[in-house]
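Structure file data-v3.cif (mmCIF, C-alpha atoms (C1' of nucleotides)) follows.
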```cif
data_query
loop_
_atom_site.label_atom_id
_atom_site.label_comp_id
_atom_site.auth_asym_id
_atom_site.auth_seq_id
_atom_site.Cartn_x
_atom_site.Cartn_y
_atom_site.Cartn_z
CA MET A 210 102.57 122.83 130.89
CA ASP A 211 98.93 122.58 129.91
CA VAL A 212 96.77 122.40 133.01
CA LEU A 213 94.22 120.18 131.26
CA PHE A 214 96.94 117.68 130.48
CA GLU A 215 98.02 117.70 134.10
CA LEU A 216 94.43 117.24 135.19
CA SER A 217 93.98 114.17 133.02
CA GLU A 218 97.24 112.77 134.38
CA PHE A 219 95.94 113.42 137.87
CA PHE A 220 92.71 111.51 137.26
CA LYS A 221 94.61 108.56 135.83
CA PHE A 222 95.76 107.79 139.34
CA PHE A 223 92.14 107.15 140.38
CA GLY A 224 91.63 104.95 137.36
CA ASP A 225 93.08 101.72 138.64
CA THR A 226 91.40 99.15 140.87
CA THR A 227 94.41 98.58 143.08
CA ARG A 228 94.93 102.28 143.70
CA ILE A 229 91.22 102.92 144.32
CA ARG A 230 91.18 100.12 146.89
CA ILE A 231 94.22 101.67 148.58
CA ILE A 232 92.59 105.10 148.61
CA HIS A 233 89.40 103.58 149.95
CA LEU A 234 91.27 101.98 152.84
CA MET A 235 92.93 105.28 153.67
CA LEU A 236 89.60 107.06 153.99
CA SER A 237 89.56 105.54 157.48
CA GLY A 238 93.06 106.68 158.38
CA GLU A 239 96.72 106.00 157.88
CA LEU A 240 98.19 102.54 157.25
CA SER A 241 101.60 100.96 156.85
CA VAL A 242 102.62 99.30 153.60
CA ASN A 243 102.27 95.81 155.03
CA GLU A 244 98.90 96.56 156.56
CA ILE A 245 97.66 97.60 153.13
CA ALA A 246 99.11 94.50 151.51
CA ASP A 247 97.52 92.26 154.14
CA LYS A 248 94.09 93.84 154.03
CA LEU A 249 93.93 93.85 150.27
CA ASN A 250 95.63 90.48 149.76
CA LEU A 251 98.29 91.99 147.55
CA GLU A 252 102.00 91.40 147.25
CA GLN A 253 104.13 93.93 149.05
CA SER A 254 105.88 95.01 145.87
CA VAL A 255 102.56 95.73 144.16
CA VAL A 256 101.58 98.01 147.02
CA SER A 257 104.98 99.72 147.07
CA HIS A 258 104.87 100.36 143.35
CA GLN A 259 101.40 101.87 143.53
CA LEU A 260 102.22 103.91 146.62
CA ARG A 261 105.16 105.45 144.85
CA ILE A 262 102.84 106.49 142.04
CA LEU A 263 100.30 107.91 144.49
CA ARG A 264 103.00 109.67 146.50
CA THR A 265 104.64 111.23 143.45
CA ALA A 266 101.24 112.47 142.34
CA ASN A 267 100.45 114.04 145.73
CA LEU A 268 97.51 111.77 146.42
CA VAL A 269 99.06 110.26 149.54
CA LYS A 270 101.79 111.28 151.93
CA PRO A 271 104.18 109.14 153.99
CA ARG A 272 105.12 109.35 157.67
CA ARG A 273 108.06 107.33 158.87
CA GLU A 274 108.00 105.66 162.27
CA GLY A 275 110.94 103.37 162.82
CA ARG A 276 111.15 100.95 159.95
CA LYS A 277 107.48 101.32 159.17
CA ILE A 278 106.09 103.95 156.87
CA PHE A 279 102.50 105.01 157.33
CA TYR A 280 100.62 106.44 154.40
CA SER A 281 97.54 108.65 154.46
CA LEU A 282 95.55 110.73 152.00
CA ASP A 283 97.31 113.95 151.07
CA ASP A 284 94.36 116.25 151.77
CA GLU A 285 90.58 116.47 151.80
CA HIS A 286 90.32 116.84 148.00
CA ILE A 287 91.22 113.21 147.48
CA GLY A 288 88.36 111.95 149.63
CA LEU A 289 85.98 114.46 148.07
CA ILE A 290 86.78 113.29 144.56
CA PHE A 291 86.46 109.66 145.61
CA ASN A 292 83.09 110.25 147.23
CA THR A 293 81.69 112.39 144.43
CA GLY A 294 82.54 109.65 141.94
CA LEU A 295 81.01 107.04 144.18
CA THR A 296 77.85 109.09 144.58
CA HIS A 297 77.61 109.46 140.82
CA ILE A 298 77.84 105.77 139.97
CA LEU A 299 75.51 104.73 142.79
CA HIS A 300 73.03 107.31 141.56
CA LYS A 301 73.30 105.92 138.04
CA LYS A 302 72.93 102.33 139.21
CA GLY A 303 69.69 103.11 141.01
CA LYS A 304 67.82 103.96 137.82
CA MET B 291 80.06 93.64 140.65
CA ASP B 292 82.48 95.29 143.02
CA VAL B 293 81.64 98.95 143.41
CA LEU B 294 85.31 99.89 143.87
CA PHE B 295 86.12 98.28 140.53
CA GLU B 296 83.32 100.25 138.92
CA LEU B 297 84.58 103.41 140.54
CA SER B 298 88.08 102.96 139.13
CA GLU B 299 86.58 102.28 135.71
CA PHE B 300 84.59 105.48 136.08
CA PHE B 301 87.67 107.57 136.86
CA LYS B 302 89.51 106.13 133.88
CA PHE B 303 87.26 108.20 131.67
CA PHE B 304 88.69 111.40 133.18
CA GLY B 305 92.21 110.09 132.71
CA ASP B 306 92.77 111.01 129.09
CA THR B 307 93.75 114.39 127.68
CA THR B 308 91.33 114.26 124.79
CA ARG B 309 88.38 113.40 127.00
CA ILE B 310 89.31 115.99 129.63
CA ARG B 311 89.47 118.65 126.94
CA ILE B 312 86.04 117.58 125.69
CA ILE B 313 84.61 117.68 129.21
CA HIS B 314 86.21 121.08 129.76
CA LEU B 315 84.53 122.46 126.63
CA MET B 316 81.17 121.13 127.77
CA LEU B 317 81.38 122.97 131.07
CA SER B 318 80.18 125.97 129.04
CA GLY B 319 77.28 124.12 127.44
CA GLU B 320 76.35 121.64 124.77
CA LEU B 321 78.24 121.22 121.50
CA SER B 322 77.91 119.23 118.31
CA VAL B 323 80.53 116.64 117.33
CA ASN B 324 81.99 118.84 114.63
CA GLU B 325 82.11 121.88 116.90
CA ILE B 326 84.17 119.87 119.34
CA ALA B 327 86.47 118.60 116.62
CA ASP B 328 86.97 122.12 115.27
CA LYS B 329 87.62 123.77 118.62
CA LEU B 330 90.06 121.09 119.73
CA ASN B 331 91.69 120.57 116.34
CA LEU B 332 90.90 116.88 116.35
CA GLU B 333 89.75 114.50 113.67
CA GLN B 334 86.04 113.81 113.69
CA SER B 335 86.56 110.09 114.24
CA VAL B 336 88.69 110.72 117.31
CA VAL B 337 85.93 112.82 118.82
CA SER B 338 83.26 110.28 117.92
CA HIS B 339 85.23 107.44 119.47
CA GLN B 340 85.76 109.34 122.69
CA LEU B 341 82.16 110.54 122.82
CA ARG B 342 80.95 106.98 122.56
CA ILE B 343 83.11 106.10 125.55
CA LEU B 344 81.87 109.10 127.52
CA ARG B 345 78.26 108.41 126.56
CA THR B 346 78.42 104.73 127.48
CA ALA B 347 79.91 105.71 130.83
CA ASN B 348 77.16 108.26 131.54
CA LEU B 349 79.52 111.21 131.56
CA VAL B 350 77.80 112.94 128.65
CA LYS B 351 74.40 112.69 127.02
CA PRO B 352 73.37 113.28 123.39
CA ARG B 353 70.52 115.33 121.97
CA ARG B 354 69.68 114.92 118.31
CA GLU B 355 68.63 117.90 116.20
CA GLY B 356 68.38 117.04 112.55
CA ARG B 357 71.61 115.51 111.44
CA LYS B 358 73.54 117.14 114.22
CA ILE B 359 73.96 115.61 117.64
CA PHE B 360 74.64 117.91 120.56
CA TYR B 361 76.46 116.55 123.57
CA SER B 362 76.42 117.91 127.10
CA LEU B 363 77.59 116.78 130.54
CA ASP B 364 75.32 114.16 132.04
CA ASP B 365 74.81 115.87 135.38
CA GLU B 366 76.40 118.20 137.95
CA HIS B 367 78.68 115.49 139.39
CA ILE B 368 80.86 115.53 136.30
CA GLY B 369 81.63 119.23 136.60
CA LEU B 370 82.13 118.89 140.35
CA ILE B 371 84.70 116.12 139.94
CA PHE B 372 86.46 118.09 137.20
CA ASN B 373 86.63 121.23 139.33
CA THR B 374 87.70 119.48 142.52
CA GLY B 375 90.57 117.86 140.65
CA LEU B 376 91.51 121.17 139.11
CA THR B 377 91.44 122.89 142.48
CA HIS B 378 93.69 120.19 143.89
CA ILE B 379 96.42 120.43 141.29
CA LEU B 380 96.37 124.23 141.23
CA HIS B 381 96.69 124.20 144.99
CA LYS B 382 99.65 121.82 144.74
CA LYS B 383 101.33 123.89 142.05
CA GLY B 384 101.23 127.00 144.15
CA LYS B 385 103.58 125.62 146.77
"C1'" DT C 4 66.24 108.70 94.74
"C1'" DT C 5 70.63 111.10 94.59
"C1'" DG C 6 74.08 113.90 96.63
"C1'" DA C 7 75.78 116.17 100.54
"C1'" DT C 8 76.45 116.66 105.46
"C1'" DA C 9 77.00 114.84 110.17
"C1'" DT C 10 78.17 111.19 112.97
"C1'" DA C 11 79.52 106.37 114.07
"C1'" DT C 12 82.12 102.11 113.74
"C1'" DG C 13 85.74 98.40 112.83
"C1'" DA C 14 90.33 96.75 112.48
"C1'" DA C 15 95.22 97.43 112.94
"C1'" DC C 16 99.08 99.52 115.05
"C1'" DA C 17 101.66 101.91 118.61
"C1'" DA C 18 102.18 103.30 123.09
"C1'" DT C 19 101.24 103.05 127.93
"C1'" DT C 20 100.96 100.58 132.20
"C1'" DA C 21 100.09 97.02 136.04
"C1'" DT C 22 102.00 92.94 137.75
"C1'" DT C 23 105.64 89.61 138.68
"C1'" DC C 24 109.97 88.20 140.38
"C1'" DA C 25 114.31 89.10 141.99
"C1'" DT C 26 117.06 92.11 144.49
"C1'" DA C 27 118.38 96.41 146.84
"C1'" DT C 28 117.84 99.92 150.78
"C1'" DT C 29 116.91 101.32 155.23
"C1'" DT C 30 116.18 100.80 160.05
"C1'" DT C 31 116.17 98.37 164.40
"C1'" DC C 32 117.90 95.33 167.80
"C1'" DA C 33 120.87 91.71 169.77
"C1'" DT D 86 128.68 94.22 163.22
"C1'" DG D 87 125.26 90.98 161.63
"C1'" DA D 88 120.58 89.38 161.13
"C1'" DA D 89 115.83 90.37 160.62
"C1'" DA D 90 112.01 93.31 159.31
"C1'" DA D 91 109.88 96.81 156.38
"C1'" DT D 92 109.87 99.07 152.26
"C1'" DA D 93 111.58 100.30 147.56
"C1'" DT D 94 113.24 99.54 142.91
"C1'" DG D 95 114.45 97.55 138.19
"C1'" DA D 96 113.54 94.83 134.23
"C1'" DA D 97 110.49 91.89 131.64
"C1'" DT D 98 106.07 90.44 130.25
"C1'" DA D 99 101.19 90.81 129.32
"C1'" DA D 100 97.26 93.40 128.78
"C1'" DT D 101 94.83 97.62 127.92
"C1'" DT D 102 93.86 101.56 125.18
"C1'" DG D 103 94.08 105.85 121.98
"C1'" DT D 104 94.69 107.05 117.30
"C1'" DT D 105 94.52 106.36 112.38
"C1'" DC D 106 92.34 105.28 108.17
"C1'" DA D 107 88.74 103.51 105.69
"C1'" DT D 108 84.05 102.83 105.49
"C1'" DA D 109 79.26 102.66 107.18
"C1'" DT D 110 74.93 104.74 108.77
"C1'" DA D 111 71.59 108.44 109.17
"C1'" DT D 112 69.34 112.71 107.99
"C1'" DC D 113 68.08 116.39 105.00
"C1'" DA D 114 67.28 118.91 100.64
"C1'" DA D 115 66.60 119.07 95.78
#
```
Target format structure tokens, applied to this file:
Amino acid sequence: MDVLFELSEFFKFFGDTTRIRIIHLMLSGELSVNEIADKLNLEQSVVSHQLRILRTANLVKPRREGRKIFYSLDDEHIGLIFNTGLTHILHKKGK
Amino acid sequence: MDVLFELSEFFKFFGDTTRIRIIHLMLSGELSVNEIADKLNLEQSVVSHQLRILRTANLVKPRREGRKIFYSLDDEHIGLIFNTGLTHILHKKGK
DNA sequence: TTGATATATGAACAATTATTCATATTTTCA
DNA sequence: TGAAAATATGAATAATTGTTCATATATCAA
């Protein structure tokens, strides 16, 4: 498959407010599904749907503990991309 | 406005095959609209539409020279985000 | 000014996608 | 085993968005 196509698909996962807010939360560490829903004031099913997308795309990874499942960022690339984007728009705003 | 919303909007611009291919071309330097259309086998209007989006979002910047307009990446952040994403998916593929 | 070249724009259509609501799994504990 | 808690999934709807086609604008050269 074309790597550029895959790359655009990859970036799509950052291109949604709900998912970006989830990623942002996870910059500080792992969270359960309900913790995410509570902190972001979202319905549980919304969070589950988006987590499945993020998990399938290797942006986050799950860790089961009893009936809870804790999610965290897959690796350091995710945070780096998030922060580089943030730096860019803050830089642009300050002009 | 919420900065996380802006950030997700920003990443949306990387989340399209046509735009990623355009950005990829520009990693090697500036190009005119028709050069992009030729190299990517796209209609001129498709390229113009996408360039307007990329320009408005500060991902690329134009430079006029006669009737031609050359576009290039706005700054080093764009290439850094592109390459970090690429590194991530190549790393994931090789498992 | 006229014709040719380069780029931009507008409207319509088709396709993708996030959310909602209802329900299904999975795990724990009594 | 049965109930409760935590998470996941499926289908439908609504909204967003990329492409197409036609046309408009801008620049240059004769």
Within 9 Å of chain A: residues of chain C, using only C-alpha atoms (C1' of nucleotides), as an NGL selection string: :C and (21-23 or 29-31)
Keeping C-alpha atoms (C1' of nucleotides), export the residues of the selection given above as a PDB file, keeping the file's coordinate frame.
```pdb
ATOM      1  C1'  DA C  21     100.090  97.020 136.040  1.00  0.00           C
ATOM      2  C1'  DT C  22     102.000  92.940 137.750  1.00  0.00           C
ATOM      3  C1'  DT C  23     105.640  89.610 138.680  1.00  0.00           C
ATOM      4  C1'  DT C  29     116.910 101.320 155.230  1.00  0.00           C
ATOM      5  C1'  DT C  30     116.180 100.800 160.050  1.00  0.00           C
ATOM      6  C1'  DT C  31     116.170  98.370 164.400  1.00  0.00           C
TER       7       DT C  31
END
```
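Across the model, the gap from atom CA of Leu341 of chain B to atom CA of Ser362 of chain B is 10.3 Å.
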Contact residues (chain A, partner chain B, 8 Å, all atoms listed in the file) as an MDAnalysis selection string: chainID A and resid 213:226 229:230 267 286 289:290 293:295 297:298 301
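In terms of minimum interatomic distance to DA9 of chain C, B:Ile359 ranks closest within B:Arg342, B:Lys351, B:Gly319, B:Ile359, counting only C-alpha atoms (C1' of nucleotides).
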Suppose a student applies the PyMOL selection byres ((chain D) within 12 of (chain A)) to this structure; what residues should they get, written as a short mmCIF file (atom, residue, chain, number, x, y, z; two decimals) with C-alpha atoms (C1' of nucleotides), keeping the file's coordinate frame?
```
data_model
loop_
_atom_site.label_atom_id
_atom_site.label_comp_id
_atom_site.auth_asym_id
_atom_site.auth_seq_id
_atom_site.Cartn_x
_atom_site.Cartn_y
_atom_site.Cartn_z
"C1'" DA D 89 115.83 90.37 160.62
"C1'" DA D 90 112.01 93.31 159.31
"C1'" DA D 91 109.88 96.81 156.38
"C1'" DT D 92 109.87 99.07 152.26
"C1'" DA D 93 111.58 100.30 147.56
"C1'" DT D 94 113.24 99.54 142.91
"C1'" DG D 95 114.45 97.55 138.19
"C1'" DT D 101 94.83 97.62 127.92
#
```
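Between atom C1' of DC24 of chain C and atom C1' of DA88 of chain D there is a distance of 23.3 Å.
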For DA14 of chain C, work out the shell of residues within 12 Å, counting all atoms listed in the file and skipping chain neighbours fewer than 3 positions away, then give it as a JSON list (two decimals) with C-alpha atoms (C1' of nucleotides), keeping the file's coordinate frame.
```json
[["chain", "number", "residue", "atom", "x", "y", "z"],
["D", 105, "DT", "C1'", 94.52, 106.36, 112.38],
["D", 106, "DC", "C1'", 92.34, 105.28, 108.17],
["D", 107, "DA", "C1'", 88.74, 103.51, 105.69],
["D", 108, "DT", "C1'", 84.05, 102.83, 105.49]]
```
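Here the residues that fall within 12 Å of (95.7, 106.1, 161.2), using all atoms listed in the file, are given as Leu234, Met235, Leu236, Ser237, Gly238, Glu239, Leu240, Ser241, Glu244, Ile245, Pro271, Arg272, Ile278, Phe279, Tyr280, Ser281 and Leu282 of chain A.
For the atom pair formed by atom C1' of DT20 of chain C and atom C1' of DG103 of chain D, the distance is 13.4 Å, given to one decimal.
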Hits from the PyMOL selection byres ((chain D and resi 110) around 9), listed as a ChimeraX atom specification: /C:10-11 /D:109,111
Mind filling out segment 320-350 of chain B with N, CA and C atoms and sending it as a short mmCIF file (atom, residue, chain, number, x, y, z; two decimals), in the coordinates of the input?
```
data_model
loop_
_atom_site.label_atom_id
_atom_site.label_comp_id
_atom_site.auth_asym_id
_atom_site.auth_seq_id
_atom_site.Cartn_x
_atom_site.Cartn_y
_atom_site.Cartn_z
N GLU B 320 76.34 122.74 125.73
CA GLU B 320 76.35 121.64 124.77
C GLU B 320 77.00 122.03 123.44
N LEU B 321 77.54 121.01 122.76
CA LEU B 321 78.24 121.22 121.50
C LEU B 321 78.00 120.04 120.58
N SER B 322 78.02 120.32 119.27
CA SER B 322 77.91 119.23 118.31
C SER B 322 79.28 118.57 118.13
N VAL B 323 79.29 117.40 117.53
CA VAL B 323 80.53 116.64 117.33
C VAL B 323 81.54 117.47 116.53
N ASN B 324 81.07 118.08 115.45
CA ASN B 324 81.99 118.84 114.63
C ASN B 324 82.49 120.11 115.31
N GLU B 325 81.65 120.71 116.14
CA GLU B 325 82.11 121.88 116.90
C GLU B 325 83.25 121.49 117.82
N ILE B 326 83.11 120.34 118.45
CA ILE B 326 84.17 119.87 119.34
C ILE B 326 85.45 119.61 118.56
N ALA B 327 85.30 118.92 117.44
CA ALA B 327 86.47 118.60 116.62
C ALA B 327 87.17 119.87 116.15
N ASP B 328 86.39 120.86 115.73
CA ASP B 328 86.97 122.12 115.27
C ASP B 328 87.70 122.83 116.40
N LYS B 329 87.02 123.00 117.51
CA LYS B 329 87.62 123.77 118.62
C LYS B 329 88.86 123.11 119.18
N LEU B 330 88.91 121.79 119.14
CA LEU B 330 90.06 121.09 119.73
C LEU B 330 91.06 120.64 118.67
N ASN B 331 90.78 120.98 117.41
CA ASN B 331 91.69 120.57 116.34
C ASN B 331 91.91 119.06 116.31
N LEU B 332 90.82 118.34 116.36
CA LEU B 332 90.90 116.88 116.35
C LEU B 332 90.12 116.33 115.16
N GLU B 333 90.50 115.15 114.73
CA GLU B 333 89.75 114.50 113.67
C GLU B 333 88.37 114.11 114.19
N GLN B 334 87.41 114.13 113.28
CA GLN B 334 86.04 113.81 113.69
C GLN B 334 85.93 112.41 114.28
N SER B 335 86.69 111.47 113.73
CA SER B 335 86.56 110.09 114.24
C SER B 335 87.13 109.96 115.65
N VAL B 336 88.16 110.73 115.94
CA VAL B 336 88.69 110.72 117.31
C VAL B 336 87.62 111.19 118.29
N VAL B 337 86.96 112.28 117.93
CA VAL B 337 85.93 112.82 118.82
C VAL B 337 84.77 111.83 118.96
N SER B 338 84.35 111.24 117.86
CA SER B 338 83.26 110.28 117.92
C SER B 338 83.60 109.08 118.81
N HIS B 339 84.81 108.57 118.64
CA HIS B 339 85.23 107.44 119.47
C HIS B 339 85.18 107.80 120.95
N GLN B 340 85.72 108.96 121.28
CA GLN B 340 85.76 109.34 122.69
C GLN B 340 84.37 109.66 123.22
N LEU B 341 83.52 110.24 122.36
CA LEU B 341 82.16 110.54 122.82
C LEU B 341 81.38 109.26 123.09
N ARG B 342 81.63 108.24 122.30
CA ARG B 342 80.95 106.98 122.56
C ARG B 342 81.34 106.43 123.93
N ILE B 343 82.64 106.54 124.24
CA ILE B 343 83.11 106.10 125.55
C ILE B 343 82.45 106.91 126.66
N LEU B 344 82.44 108.23 126.49
CA LEU B 344 81.87 109.10 127.52
C LEU B 344 80.36 108.89 127.66
N ARG B 345 79.72 108.62 126.54
CA ARG B 345 78.26 108.41 126.56
C ARG B 345 77.93 107.09 127.25
N THR B 346 78.64 106.04 126.87
CA THR B 346 78.42 104.73 127.48
C THR B 346 78.63 104.78 128.99
N ALA B 347 79.57 105.63 129.41
CA ALA B 347 79.91 105.71 130.83
C ALA B 347 79.05 106.73 131.58
N ASN B 348 78.06 107.28 130.90
CA ASN B 348 77.16 108.26 131.54
C ASN B 348 77.85 109.54 131.97
N LEU B 349 78.89 109.92 131.26
CA LEU B 349 79.52 111.21 131.56
C LEU B 349 78.93 112.30 130.70
N VAL B 350 78.47 111.96 129.52
CA VAL B 350 77.80 112.94 128.65
C VAL B 350 76.53 112.31 128.09
#
```
